[in-house]
$ cat protein03.txt   # compact mmCIF, C-alpha atoms
# COMPACT_ATOMS: atom_id res chain seq x y z
CA GLN A 1 35.78 146.09 159.14
CA VAL A 2 34.20 143.01 157.57
CA GLN A 3 35.13 139.44 158.40
CA VAL A 4 34.24 136.48 156.21
CA VAL A 5 34.78 133.10 157.80
CA GLU A 6 34.47 129.74 156.08
CA SER A 7 34.35 126.33 157.70
CA GLY A 8 33.69 122.72 156.81
CA GLY A 9 36.57 121.73 154.58
CA GLY A 10 38.54 118.53 155.03
CA LEU A 11 39.64 115.24 153.55
CA VAL A 12 37.07 112.90 152.03
CA GLN A 13 37.11 109.89 149.76
CA ALA A 14 35.77 110.07 146.23
CA GLY A 15 32.00 109.73 146.26
CA GLY A 16 31.72 111.31 149.68
CA SER A 17 30.12 114.55 150.82
CA LEU A 18 31.13 117.73 152.59
CA ARG A 19 29.23 120.84 153.62
CA LEU A 20 30.91 124.22 153.63
CA SER A 21 29.60 127.18 155.61
CA CYS A 22 30.38 130.87 155.39
CA ALA A 23 29.27 133.84 157.42
CA ALA A 24 30.08 137.52 157.21
CA SER A 25 30.20 139.83 160.19
CA GLY A 26 31.17 143.39 160.97
CA SER A 27 30.25 146.63 159.24
CA ILE A 28 28.35 145.23 156.31
CA PHE A 29 24.84 146.58 156.02
CA ARG A 30 23.68 144.91 152.87
CA ILE A 31 24.71 141.65 151.24
CA ASP A 32 23.81 141.00 147.63
CA THR A 33 25.26 137.91 146.01
CA LEU A 34 27.05 135.19 147.98
CA GLY A 35 29.35 132.87 146.13
CA TRP A 36 31.79 130.01 146.42
CA TYR A 37 34.94 129.96 144.35
CA ARG A 38 37.78 127.46 144.27
CA GLN A 39 41.40 127.44 143.26
CA ALA A 40 43.38 124.29 142.58
CA PRO A 41 47.21 124.29 142.49
CA GLY A 42 48.46 125.86 139.29
CA LYS A 43 44.99 126.94 138.21
CA GLU A 44 43.04 130.17 138.29
CA ARG A 45 40.29 130.79 140.79
CA GLU A 46 36.92 129.78 139.36
CA LEU A 47 33.30 130.26 140.31
CA VAL A 48 31.69 127.15 141.76
CA ALA A 49 28.25 128.46 142.71
CA ALA A 50 26.52 131.71 143.58
CA ILE A 51 23.19 132.77 145.05
CA THR A 52 21.59 136.19 144.83
CA SER A 53 19.60 137.97 147.52
CA SER A 54 16.40 136.82 145.79
CA GLY A 55 17.54 133.19 145.78
CA SER A 56 18.57 132.76 142.16
CA THR A 57 21.44 130.33 141.79
CA ASN A 58 24.22 129.77 139.29
CA TYR A 59 26.56 126.77 139.08
CA ALA A 60 29.69 125.82 137.21
CA ASP A 61 28.94 123.08 134.70
CA SER A 62 31.40 120.79 136.43
CA VAL A 63 29.38 120.73 139.66
CA LYS A 64 25.79 120.85 138.41
CA GLY A 65 23.74 118.06 139.89
CA ARG A 66 26.31 117.38 142.61
CA PHE A 67 26.63 120.65 144.56
CA ALA A 68 23.89 122.80 146.06
CA ILE A 69 24.23 126.33 147.35
CA SER A 70 21.80 127.72 149.90
CA ARG A 71 21.40 130.86 151.92
CA GLU A 72 19.98 131.31 155.39
CA LYS A 73 18.61 134.58 156.69
CA PRO A 74 18.71 136.75 158.66
CA LYS A 75 22.48 136.46 159.05
CA ASP A 76 22.99 135.57 155.37
CA THR A 77 24.98 132.47 156.10
CA VAL A 78 25.74 130.60 152.90
CA TYR A 79 26.25 126.87 152.57
CA LEU A 80 27.66 124.66 149.87
CA GLN A 81 26.55 121.05 150.04
CA MET A 82 28.96 118.97 147.99
CA ASN A 83 27.95 115.43 147.09
CA SER A 84 29.53 112.78 144.87
CA LEU A 85 32.89 114.45 145.28
CA LYS A 86 35.63 113.72 142.76
CA PRO A 87 39.41 114.07 143.04
CA GLU A 88 39.20 116.98 140.60
CA ASP A 89 37.14 118.89 143.17
CA THR A 90 40.28 119.16 145.30
CA ALA A 91 41.03 122.85 145.84
CA VAL A 92 40.94 125.69 148.30
CA TYR A 93 37.37 126.93 148.45
CA TYR A 94 36.74 130.63 149.05
CA CYS A 95 33.58 132.42 150.05
CA ALA A 96 32.82 135.75 148.36
CA VAL A 97 30.41 138.27 149.80
CA ASP A 98 29.19 140.99 147.45
CA SER A 99 27.83 144.27 148.75
CA PRO A 100 27.27 147.70 147.13
CA TRP A 101 30.64 148.68 148.60
CA GLY A 102 32.66 145.86 147.16
CA ARG A 103 33.52 142.16 147.40
CA TYR A 104 34.88 140.57 150.54
CA TRP A 105 36.75 137.26 150.57
CA GLY A 106 37.21 134.63 153.21
CA GLN A 107 40.55 133.07 153.97
CA GLY A 108 39.70 129.83 152.20
CA THR A 109 39.15 126.27 153.35
CA GLN A 110 40.92 123.25 151.92
CA VAL A 111 38.90 120.44 150.36
CA THR A 112 40.84 117.31 149.45
CA VAL A 113 39.19 114.38 147.71
CA SER A 114 41.18 111.15 147.62
CA SER A 115 40.69 108.55 144.91
$ encode --input "protein03.txt" --output "structure tokens"
Amino acid sequence: QVQVVESGGGLVQAGGSLRLSCAASGSIFRIDTLGWYRQAPGKERELVAAITSSGSTNYADSVKGRFAISREKPKDTVYLQMNSLKPEDTAVYYCAVDSPWGRYWGQGTQVTVSS
């Protein structure tokens, strides 16, 4: 059994910052890529940022220069620092944990940016 738990969402004004955290626990013996996805109402889930086990990162064009993903060992906690937030960043943010045995999702955390 693998649990993925996110935290750090909330309500913030445009231009503000939030930091999301995610940690996996349970029977997961190797974690490869860690990623953050988001889904806004009426839209498909999209990749926001990802980081591999070697530290390579990938960002959606819409968040480049504003968001930063980082990874902390040995527990492979992943963070998403979100700066200069915009109303269009409003969504449920999900953490994805990739292992050789599949992808595990968190329950999601709501981020709301008011204008």
$ closest_residue --input "protein03.txt" --among "A:Thr90, A:Ser54, A:Ser115, A:Ser99" --to "Lys73 in chain A" --atoms "only C-alpha atoms"
A:Ser54
$ atom_distance --input "protein03.txt" --atom1 "CA of Thr112 in chain A" --atom2 "CA of Glu72 in chain A"
25.8 Å
$ atom_distance --input "protein03.txt" --atom1 "CA of Gln81 in chain A" --atom2 "CA of Ala24 in chain A"
18.3 Å
$ closest_residue --input "protein03.txt" --among "A:Met82, A:Ala49, A:Val113, A:Val12" --to "Asp61 in chain A" --atoms "all atoms listed in the file"
A:Ala49
$ atom_distance --input "protein03.txt" --atom1 "CA of Ala23 in chain A" --atom2 "CA of Gly42 in chain A"
27.6 Å
$ residues_near_point --input "protein03.txt" --point "(21.8, 144.1, 152.4)" --cutoff "10 Å" --atoms "only C-alpha atoms" --output "VMD selection string"
chain A and resid 28 to 33 53 76 98 to 100
$ residues_around --input "protein03.txt" --residues "Gly8 in chain A" --least-positions-apart "2" --cutoff "9 Å" --atoms "only C-alpha atoms" --output "PyMOL selection string"
chain A and resi 6+10+18-22+109-111
$ residues_around --input "protein03.txt" --residues "Val5 in chain A" --least-positions-apart "3" --cutoff "12 Å" --atoms "only C-alpha atoms" --output "list in words"
Val2, Gly8, Gly9, Leu20, Ser21, Cys22, Ala23, Ala24, Ser25, Gly26, Thr77, Val78, Tyr79, Tyr93, Tyr94, Cys95, Ala96, Val97, Tyr104, Trp105, Gly106, Gln107, Gly108 and Thr109 of chain A
$ residues_near_point --input "protein03.txt" --point "(29.5, 127.3, 142.2)" --cutoff "12 Å" --atoms "all atoms listed in the file" --output "ChimeraX atom specification"
/A:20,34-39,45-51,57-70,78-82,89,93-96
$ closest_residue --input "protein03.txt" --among "A:Pro87, A:Gly55, A:Gly16, A:Pro74" --to "Ser114 in chain A" --atoms "all atoms listed in the file"
A:Pro87
$ residues_around --input "protein03.txt" --residues "Gly15 in chain A" --least-positions-apart "6" --cutoff "8 Å" --atoms "all atoms listed in the file" --output "number ranges by chain"
A: 83-86
$ write_last_selection --input "protein03.txt" --atoms "C-alpha atoms" --output "compact mmCIF listing (two decimals), in the frame of the given file"
# COMPACT_ATOMS: atom_id res chain seq x y z
CA ASN A 83 27.95 115.43 147.09
CA SER A 84 29.53 112.78 144.87
CA LEU A 85 32.89 114.45 145.28
CA LYS A 86 35.63 113.72 142.76
$ closest_residue --input "protein03.txt" --among "A:Gln1, A:Ser27, A:Ala91, A:Leu11" --to "Pro41 in chain A" --atoms "only C-alpha atoms"
A:Ala91
$ closest_residue --input "protein03.txt" --among "A:Arg103, A:Ala14, A:Glu88, A:Gln3" --to "Lys43 in chain A" --atoms "only C-alpha atoms"
A:Glu88
$ decode --input "protein03.txt" --residues "range 7-23 of chain A" --atoms "N, CA, C and O atoms" --output "PDB file, in the first residue's frame"
ATOM      1  N   SER A   7       0.245  18.755   0.699  1.00  0.00           N
ATOM      2  CA  SER A   7      -0.172  19.798   1.631  1.00  0.00           C
ATOM      3  C   SER A   7       0.307  21.139   1.097  1.00  0.00           C
ATOM      4  O   SER A   7       1.168  21.192   0.211  1.00  0.00           O
ATOM      5  N   GLY A   8      -0.276  22.216   1.650  1.00  0.00           N
ATOM      6  CA  GLY A   8       0.215  23.545   1.324  1.00  0.00           C
ATOM      7  C   GLY A   8      -0.681  24.380   0.437  1.00  0.00           C
ATOM      8  O   GLY A   8      -0.353  25.536   0.168  1.00  0.00           O
ATOM      9  N   GLY A   9      -1.781  23.838  -0.026  1.00  0.00           N
ATOM     10  CA  GLY A   9      -2.679  24.639  -0.848  1.00  0.00           C
ATOM     11  C   GLY A   9      -3.396  25.693  -0.023  1.00  0.00           C
ATOM     12  O   GLY A   9      -3.252  25.769   1.189  1.00  0.00           O
ATOM     13  N   GLY A  10      -4.162  26.538  -0.705  1.00  0.00           N
ATOM     14  CA  GLY A  10      -4.909  27.569   0.000  1.00  0.00           C
ATOM     15  C   GLY A  10      -5.341  28.686  -0.914  1.00  0.00           C
ATOM     16  O   GLY A  10      -5.295  28.553  -2.144  1.00  0.00           O
ATOM     17  N   LEU A  11      -5.763  29.769  -0.289  1.00  0.00           N
ATOM     18  CA  LEU A  11      -6.238  30.952  -1.006  1.00  0.00           C
ATOM     19  C   LEU A  11      -5.180  32.045  -0.898  1.00  0.00           C
ATOM     20  O   LEU A  11      -4.691  32.335   0.200  1.00  0.00           O
ATOM     21  N   VAL A  12      -4.844  32.642  -2.032  1.00  0.00           N
ATOM     22  CA  VAL A  12      -3.826  33.689  -2.044  1.00  0.00           C
ATOM     23  C   VAL A  12      -4.225  34.739  -3.076  1.00  0.00           C
ATOM     24  O   VAL A  12      -4.919  34.427  -4.057  1.00  0.00           O
ATOM     25  N   GLN A  13      -3.785  35.943  -2.852  1.00  0.00           N
ATOM     26  CA  GLN A  13      -4.049  37.006  -3.827  1.00  0.00           C
ATOM     27  C   GLN A  13      -3.073  36.921  -4.996  1.00  0.00           C
ATOM     28  O   GLN A  13      -1.967  36.388  -4.854  1.00  0.00           O
ATOM     29  N   ALA A  14      -3.482  37.435  -6.110  1.00  0.00           N
ATOM     30  CA  ALA A  14      -2.606  37.479  -7.285  1.00  0.00           C
ATOM     31  C   ALA A  14      -1.298  38.168  -6.917  1.00  0.00           C
ATOM     32  O   ALA A  14      -1.293  39.191  -6.215  1.00  0.00           O
ATOM     33  N   GLY A  15      -0.198  37.581  -7.382  1.00  0.00           N
ATOM     34  CA  GLY A  15       1.124  38.094  -7.049  1.00  0.00           C
ATOM     35  C   GLY A  15       1.742  37.442  -5.838  1.00  0.00           C
ATOM     36  O   GLY A  15       2.938  37.631  -5.572  1.00  0.00           O
ATOM     37  N   GLY A  16       0.948  36.688  -5.104  1.00  0.00           N
ATOM     38  CA  GLY A  16       1.433  36.035  -3.905  1.00  0.00           C
ATOM     39  C   GLY A  16       2.142  34.729  -4.191  1.00  0.00           C
ATOM     40  O   GLY A  16       2.356  34.342  -5.344  1.00  0.00           O
ATOM     41  N   SER A  17       2.498  34.042  -3.106  1.00  0.00           N
ATOM     42  CA  SER A  17       3.266  32.791  -3.200  1.00  0.00           C
ATOM     43  C   SER A  17       2.642  31.716  -2.336  1.00  0.00           C
ATOM     44  O   SER A  17       1.998  31.999  -1.315  1.00  0.00           O
ATOM     45  N   LEU A  18       2.831  30.484  -2.756  1.00  0.00           N
ATOM     46  CA  LEU A  18       2.474  29.309  -1.978  1.00  0.00           C
ATOM     47  C   LEU A  18       3.539  28.248  -2.204  1.00  0.00           C
ATOM     48  O   LEU A  18       4.196  28.227  -3.255  1.00  0.00           O
ATOM     49  N   ARG A  19       3.676  27.367  -1.229  1.00  0.00           N
ATOM     50  CA  ARG A  19       4.593  26.237  -1.357  1.00  0.00           C
ATOM     51  C   ARG A  19       3.844  24.949  -1.089  1.00  0.00           C
ATOM     52  O   ARG A  19       3.274  24.763  -0.009  1.00  0.00           O
ATOM     53  N   LEU A  20       3.837  24.077  -2.073  1.00  0.00           N
ATOM     54  CA  LEU A  20       3.199  22.776  -1.927  1.00  0.00           C
ATOM     55  C   LEU A  20       4.249  21.728  -1.559  1.00  0.00           C
ATOM     56  O   LEU A  20       5.389  21.801  -2.004  1.00  0.00           O
ATOM     57  N   SER A  21       3.822  20.765  -0.763  1.00  0.00           N
ATOM     58  CA  SER A  21       4.690  19.656  -0.369  1.00  0.00           C
ATOM     59  C   SER A  21       3.989  18.343  -0.661  1.00  0.00           C
ATOM     60  O   SER A  21       2.760  18.264  -0.624  1.00  0.00           O
ATOM     61  N   CYS A  22       4.790  17.318  -0.908  1.00  0.00           N
ATOM     62  CA  CYS A  22       4.229  15.991  -1.178  1.00  0.00           C
ATOM     63  C   CYS A  22       5.211  14.937  -0.695  1.00  0.00           C
ATOM     64  O   CYS A  22       6.409  15.033  -0.953  1.00  0.00           O
ATOM     65  N   ALA A  23       4.684  13.936  -0.029  1.00  0.00           N
ATOM     66  CA  ALA A  23       5.521  12.835   0.422  1.00  0.00           C
ATOM     67  C   ALA A  23       4.795  11.520   0.196  1.00  0.00           C
ATOM     68  O   ALA A  23       3.577  11.428   0.372  1.00  0.00           O
TER      69      ALA A  23
END
